[in-house]
Amino acid sequence: MALRITQNQLANQFTVDVNNIYTRMAKAQQQVSDGRRITKPSDDPFGTGQVMGFDTQIADVRQYQANVGDSMSFMNAADAALDSVTNALQKIREKALQAANGTNGPADRASIATEIQQLKEIVRDGINAQHGDAYIFGGTATNGAPYAGPGNGYAGNGNVMSRRVGQGQSVQLNVPGTAVLGPNGTNTLDIIDQLVVDINANNFAGMSAGMAQVVAQTDQALNVRTQLGATASRLETLQTRLDLTEERLLGARSDVADVDAAEAYMQFQQQQTMYQAALAAGTRIMQTSILDFI
Amino acid sequence: MYKSTFMGLNTALRGVLAHQNALDVTGHNIANISTDGYTRQRAEMVTAPAWSNSSTLSATTPGQMGTGVEVLRIERLRDQFIDASVRQQFGRQADSQAMVEQMAQVEAAFGEPGDTGLNALMNNYFSAMDAVASNPQSTSARQAFIAAGNALAQGFNQVSTDLQAIAAQSDQRLNQTVTDIDGISQRITALNAEIRNAIEHGHQPNDLLDERDRLMDNLSKLVNFTSTESALGEVTIVAFSGGTAVTLVNPALALPSPVITRAQIDAAFAAGTLTSGRAHADEMMFDPILGVINGGGGFATQLDNLAVEFAGDMNAAHAAGFDLTGAAGAPLFAGGGAATLAFVLTSPNGVAAASSWAAPGEPGNGGNFALILDDATPGNPGRLATQAALGGVSWENYYSSIITSVGSQAETSMRDMKNADVLVQMARGRRDQVSGVSMDEEMSNMLRFQHAYNASARVMTAMDEVLDVLINRMGRVGL
């Protein structure tokens with residue numbers, strides 16, 4: 001017996017087929033309008049894992065970028081502080097040179113000594129500089145001024161403060177105050193105090209020795225500045241590289257997670273054409289029956 | 001001996017009646033063309049018993065004389081083997097459909113990939129941790145870390161709650177299934193009695209049989225079963241197989257009420273004899289041992305593993321650091337699973353970011369947090385470290401593998417459903433080939449029967465004219 005095909009069979013098949021095409025068209029339409037290929041894990045289980053991995057890497061890179069940006073502002077603050085320290089030291093040397101000139105009377109020397117005392121406070125202020133709430137030159141003891149006074153002793157520690165700028169990669173930001181001013185007892189502040197004593201005592205030998213030491217301390221501070229400058233330029237390079245990494249990761253994520261717009265639109269068009277063809281053919285066949293001819 | 005004068009009239013009458021009967025059946029078929037589960041019927045015509053001329057002397061009518069047609073029975077065109085295969089596919093389809101619906105809910109519970117899923121919350125948590133490592137003296141960074149920790153713990157709670165709600169929903173539906181199966185079984189038992197009664201009285205209860213077949217189709221969407229039919233038309237239905245078999249319908253037995261219990265369904269699933277129908281999908285979701293949520297390798301179980309391992313590692317790592325008072329870090333997390341995970345640290349000063357605490361204090365030390373983020377030594381409480389309790393992967397990779405398995409499971413159910421749809425469509429097609437009503441066929445039959453009716457009536461008219469000649473015109477000579 002030949003296969004019997006009934007009207008209901010045709011109608012059922014038609015409903016199922018049209019429904020399938022319509023489902024695919026809805027999917028294509030969703031992809032065209034929101035641009036996402038993966039909206040739930042079952043769209044592509046492996047791809048979802050990849051997308052989540054990219055999301056994590058992107059979040060990390062953005063945090064590294066924030067860390068680098070923050071580090072750069074820290075470096076700027078440190079540089080400005082050291083700038084005022086070296087300026088003050090240079091002025092102290094000029095004043096000491098003036099004092100060592102034999103034509104000065106005791107009153108002149110006393111006034112120079114006072115000026116140097118004030119410049120010393122500028123040095124102290126510089127080395128006690130803060131970035132936000134944190135003291136820059138106190139090691140990791142960031143909550144107290146490293147040279148709080150009244151003495152000249154260093155109250156901070158020698159620990160490193162570092163920032164993460166990549167997985168397992170960090171940059172050392174800080175320089176302990178002792179690296180700028182020298183060890184306790186013979187640090188820049190002690191030297192300035194001695195210089196003031198020598199000026200008041202009109203001790204030429206002391207003054208000239210003091211001046212030499214001030215020059216040496218200035219060089220040491222400048223060295224530290226150079227060192228910080230090198231770190232700052234490394235941070236700039238890192239920033240560029242992190243920007244590129246972020247761009248690359250976003251691109252890679254998009255390759256996995258997003259649809260190719262042109263292809264999605266093609267798909268949509270194709271489904272639409274199929275949908276119309278199915279409707280046209282189906283309705284035409286179903287309309288005809290033997291009743292039209294009886 | 002000669003045949004009756006009026007025999008021709010009777011033969012014509014049989015033709016008229018039989019074709020009227022056939023037209024009635026055609027009308028019934030057409031009227032039921034859209035009825036779910038309707039099986040087309042056909043008036044099966046046979047020649048009426050022939051009339052034998054018993055006289056050997058007669059030469060006028062040699063052999064037997066036909067006496068027309070009669071309708072033997074109204075036949076129901078149905079193939080039981082096709083029914084069995086259709087029901088098998090119905091079961092698979094109902095199973096995979098329920099699975100797809102529930103897996104969609106599981107996917108929604110996890111919310112990946114997206115900004116609200118646990119992956120994003122974990123990223124935020126580690127970013128906040130990194131921000132503290134970089135700015136340990138900043139109270140706002142510490143507060144942001146505490147907020148991210150709270151959000152992460154709540155994220156775990158939320159996913160866990162949603163997953164348990166899905167399992168509970170399946171649990172409830174399984175209880176409902178017990179009631180549904182019982183209802184269908186009762187109705188089939190009642191139909192069995194009616195059908196037997198009709199058959200014993202020599203009737204063909206076509207429409208009752210259709211109704212029973214329809215009920216069995218519906219039953220196949222709930223659980224898998226086998227059925228046998230007796231000579232008297234009664235069916236016996238047994239759900240599952242082997243030691244877990246449960247008799248749902250058997251006219252010879254007094255069955256308990258309800259005919260099946262929830263424990264029996266659970267036992268059949270555990271034994272692997274519950275293989276299809278909605279009950280199978282619900283057990284897959286609900287079962288605490290084999291299910292995809294709370295079973296051994298289930299999503300919720302894995303999430304609990306992760307929560308426990310992560311909380312323990314985090315607390316250990318935190319205890320190795322120093323907070324702003326110089327004390328060792330207090331626990332960050334509490335709770336014994338994803339549902340109860342809580343971030344218990346409340347004070348920003350209690351965040352133990354420092355790796356050392358030399359007097360007078362190191363608020364600028366973020367070494368401990370930096371270590372957590374960079375530590376890759378297996379077993380250490382580090383972000384990159386592999387953990388034996390998680391099967392040798394890191395926290396984040398473990399979570400990622402949970403999501404991949406959720407996706408695969410949902411994808412598999414989706415594929416199963418598409419396959420089942422195609423197979424159901426094919427099986428239904430085969431059933432329709434045999435049992436479906438074709439309008440064209442019925443219409444051409446109608447024309448055929450109508451013409452045959454008319455022709456039989458015409459034969460009767462011819463007979464009438466013959467008899468008219470015989471009765472009214474013959475023997476009138478001389479009248």
# chains A, B, ... in the order shown; residues from 1 in each chain; ligands from 1

$ residues_around --residues "segment 68-71 of chain A" --least-positions-apart "5" --cutoff "10 Å" --atoms "only C-alpha atoms" --output "list in words"
Arg62, Gln63, Asn76, Ala77, Ser162, Arg163, Arg164, Val165, Gly166, Ser170, Val171, Gln172, Leu173, Asn174, Thr231, Ala232, Arg234, Leu235, Glu236, Leu238, Gln239 and Leu242 of chain A; Ala131, Ser134 and Asn135 of chain B

$ interface_residues --of "chain B" --to "chain A" --cutoff "6 Å" --atoms "only C-alpha atoms" --output "MDAnalysis selection string"
chainID B and resid 123 127 134 361:365 374 400 404 407:408 410:411 433 438 440

$ write_last_selection --atoms "N, CA and C atoms" --output "PDB file, in the first residue's frame"
ATOM      1  N   ASN B 123      35.860  38.539  40.581  1.00  0.00           N
ATOM      2  CA  ASN B 123      36.793  39.507  39.999  1.00  0.00           C
ATOM      3  C   ASN B 123      36.824  40.790  40.826  1.00  0.00           C
ATOM      4  N   SER B 127      39.978  42.358  42.738  1.00  0.00           N
ATOM      5  CA  SER B 127      40.401  43.715  42.398  1.00  0.00           C
ATOM      6  C   SER B 127      40.456  44.572  43.659  1.00  0.00           C
ATOM      7  N   SER B 134      47.738  47.629  47.235  1.00  0.00           N
ATOM      8  CA  SER B 134      48.448  48.774  46.686  1.00  0.00           C
ATOM      9  C   SER B 134      48.329  50.022  47.544  1.00  0.00           C
ATOM     10  N   GLY B 361      54.565  50.110  63.703  1.00  0.00           N
ATOM     11  CA  GLY B 361      53.438  49.706  62.854  1.00  0.00           C
ATOM     12  C   GLY B 361      53.733  49.950  61.388  1.00  0.00           C
ATOM     13  N   GLU B 362      53.106  49.128  60.507  1.00  0.00           N
ATOM     14  CA  GLU B 362      53.360  49.253  59.077  1.00  0.00           C
ATOM     15  C   GLU B 362      52.056  49.358  58.298  1.00  0.00           C
ATOM     16  N   PRO B 363      51.328  50.427  58.460  1.00  0.00           N
ATOM     17  CA  PRO B 363      50.067  50.545  57.730  1.00  0.00           C
ATOM     18  C   PRO B 363      50.272  50.606  56.217  1.00  0.00           C
ATOM     19  N   GLY B 364      51.514  50.875  55.797  1.00  0.00           N
ATOM     20  CA  GLY B 364      51.764  50.941  54.357  1.00  0.00           C
ATOM     21  C   GLY B 364      52.148  49.595  53.774  1.00  0.00           C
ATOM     22  N   ASN B 365      52.074  48.538  54.568  1.00  0.00           N
ATOM     23  CA  ASN B 365      52.481  47.220  54.105  1.00  0.00           C
ATOM     24  C   ASN B 365      51.266  46.445  53.589  1.00  0.00           C
ATOM     25  N   ASP B 374      49.297  36.556  44.279  1.00  0.00           N
ATOM     26  CA  ASP B 374      50.347  36.041  43.403  1.00  0.00           C
ATOM     27  C   ASP B 374      50.770  34.614  43.721  1.00  0.00           C
ATOM     28  N   SER B 400      34.797  27.997  37.064  1.00  0.00           N
ATOM     29  CA  SER B 400      34.646  28.001  35.612  1.00  0.00           C
ATOM     30  C   SER B 400      34.229  26.610  35.114  1.00  0.00           C
ATOM     31  N   THR B 404      30.991  25.402  32.949  1.00  0.00           N
ATOM     32  CA  THR B 404      31.093  24.619  31.719  1.00  0.00           C
ATOM     33  C   THR B 404      30.206  23.387  31.806  1.00  0.00           C
ATOM     34  N   GLY B 407      26.612  24.408  31.338  1.00  0.00           N
ATOM     35  CA  GLY B 407      26.367  24.670  29.914  1.00  0.00           C
ATOM     36  C   GLY B 407      26.248  23.388  29.120  1.00  0.00           C
ATOM     37  N   SER B 408      27.155  22.428  29.394  1.00  0.00           N
ATOM     38  CA  SER B 408      27.121  21.175  28.635  1.00  0.00           C
ATOM     39  C   SER B 408      25.826  20.422  28.902  1.00  0.00           C
ATOM     40  N   ALA B 410      22.944  21.636  29.862  1.00  0.00           N
ATOM     41  CA  ALA B 410      21.819  22.329  29.218  1.00  0.00           C
ATOM     42  C   ALA B 410      21.846  22.100  27.718  1.00  0.00           C
ATOM     43  N   GLU B 411      23.052  22.110  27.145  1.00  0.00           N
ATOM     44  CA  GLU B 411      23.179  21.897  25.703  1.00  0.00           C
ATOM     45  C   GLU B 411      22.735  20.477  25.333  1.00  0.00           C
ATOM     46  N   GLN B 433      -0.336   7.812   9.256  1.00  0.00           N
ATOM     47  CA  GLN B 433      -0.422   7.088   7.990  1.00  0.00           C
ATOM     48  C   GLN B 433      -1.447   5.980   8.086  1.00  0.00           C
ATOM     49  N   SER B 438      -8.004  11.132   6.361  1.00  0.00           N
ATOM     50  CA  SER B 438      -7.644  11.948   5.208  1.00  0.00           C
ATOM     51  C   SER B 438      -8.924  12.468   4.572  1.00  0.00           C
ATOM     52  N   ASP B 440      -9.422  13.886   1.706  1.00  0.00           N
ATOM     53  CA  ASP B 440      -9.590  13.506   0.297  1.00  0.00           C
ATOM     54  C   ASP B 440     -10.130  12.071   0.185  1.00  0.00           C
TER      55      ASP B 440
END

$ residues_around --residues "segment 76-83 of chain B" --least-positions-apart "5" --cutoff "7 Å" --atoms "only C-alpha atoms" --output "list in words"
Thr39, Arg40, Gln41, Arg42, Asn206, Arg431, Val434 and Ser435 of chain B

$ residues_around --residues "Gly105 of chain A" --least-positions-apart "6" --cutoff "12 Å" --atoms "only C-alpha atoms" --output "ChimeraX atom specification"
/A:98-99,111-112,199-202

$ write_last_selection --atoms "C-alpha atoms" --output "PDB file, in the first residue's frame"
ATOM      1  CA  GLN A  98      77.954  83.707  52.348  1.00  0.00           C
ATOM      2  CA  ALA A  99      78.660  83.060  56.027  1.00  0.00           C
ATOM      3  CA  SER A 111      70.855  86.107  60.787  1.00  0.00           C
ATOM      4  CA  ILE A 112      72.283  83.638  58.199  1.00  0.00           C
ATOM      5  CA  ILE A 199      78.549  79.540  61.635  1.00  0.00           C
ATOM      6  CA  ASN A 200      77.583  80.937  65.004  1.00  0.00           C
ATOM      7  CA  ALA A 201      81.049  80.034  66.298  1.00  0.00           C
ATOM      8  CA  ASN A 202      82.640  81.510  63.171  1.00  0.00           C
TER       9      ASN A 202
END

$ select_by_dssp --residues "segment 121-172 of chain A" --states "helix (DSSP H, G or I)" --output "ChimeraX atom specification"
/A:121-127

$ residues_around --residues "segment 80-84 of chain A" --least-positions-apart "4" --cutoff "7 Å" --atoms "only C-alpha atoms" --output "MDAnalysis selection string"
chainID A and resid 76 88 126:127 129 221 225

$ residues_around --residues "segment 375-389 of chain B" --least-positions-apart "6" --cutoff "12 Å" --atoms "only C-alpha atoms" --output "PyMOL selection string"
(chain A and resi 56+167-169) or (chain B and resi 122-123+125-127+129-130+302+304-320+367-369+395-398)

$ residues_around --residues "Gln118 of chain A" --least-positions-apart "2" --cutoff "12 Å" --atoms "only C-alpha atoms" --output "list in words"
Ala88, Leu89, Lys91, Ile92, Lys95, Ser111, Ile112, Ala113, Thr114, Glu115, Ile116, Lys120, Glu121, Ile122, Val123, Arg124, Asp125, Leu189, Ile192, Asp193 and Val196 of chain A

$ write_last_selection --atoms "C-alpha atoms" --output "PDB file, in the first residue's frame"
ATOM      1  CA  ALA A  88      66.542  73.933  50.171  1.00  0.00           C
ATOM      2  CA  LEU A  89      69.902  72.161  50.407  1.00  0.00           C
ATOM      3  CA  LYS A  91      70.119  77.418  49.272  1.00  0.00           C
ATOM      4  CA  ILE A  92      71.733  76.255  52.535  1.00  0.00           C
ATOM      5  CA  LYS A  95      73.974  80.789  52.684  1.00  0.00           C
ATOM      6  CA  SER A 111      70.855  86.107  60.787  1.00  0.00           C
ATOM      7  CA  ILE A 112      72.283  83.638  58.199  1.00  0.00           C
ATOM      8  CA  ALA A 113      72.187  80.896  60.837  1.00  0.00           C
ATOM      9  CA  THR A 114      68.506  81.656  61.475  1.00  0.00           C
ATOM     10  CA  GLU A 115      67.789  81.488  57.735  1.00  0.00           C
ATOM     11  CA  ILE A 116      69.555  78.110  57.518  1.00  0.00           C
ATOM     12  CA  LYS A 120      66.346  72.975  57.532  1.00  0.00           C
ATOM     13  CA  GLU A 121      62.646  72.965  58.421  1.00  0.00           C
ATOM     14  CA  ILE A 122      61.858  73.082  54.695  1.00  0.00           C
ATOM     15  CA  VAL A 123      64.072  70.023  54.232  1.00  0.00           C
ATOM     16  CA  ARG A 124      62.255  68.358  57.108  1.00  0.00           C
ATOM     17  CA  ASP A 125      58.866  69.272  55.634  1.00  0.00           C
ATOM     18  CA  LEU A 189      69.570  67.375  59.425  1.00  0.00           C
ATOM     19  CA  ILE A 192      72.800  71.316  59.012  1.00  0.00           C
ATOM     20  CA  ASP A 193      72.617  71.628  62.798  1.00  0.00           C
ATOM     21  CA  VAL A 196      74.619  76.367  62.195  1.00  0.00           C
TER      22      VAL A 196
END

$ select_by_dssp --residues "segment 204-349 of chain B" --states "strand (DSSP E or B)" --output "list of chain:residue names"
B:Phe225, B:Thr226, B:Ser227, B:Thr228, B:Glu229, B:Val235, B:Thr236, B:Ile237, B:Val238, B:Ala239, B:Val246, B:Thr247, B:Leu248, B:Val249, B:Phe322, B:Ala328, B:Phe333, B:Ala334, B:Ala342, B:Phe343

$ closest_residue --among "A:Thr15, A:Ala281, A:Arg37, A:Phe137" --to "Ser254 of chain A" --atoms "only C-alpha atoms"
A:Arg37

$ closest_residue --among "B:Arg448, B:Val406, B:Leu373, B:Gly350" --to "Thr139 of chain B" --atoms "only C-alpha atoms"
B:Gly350
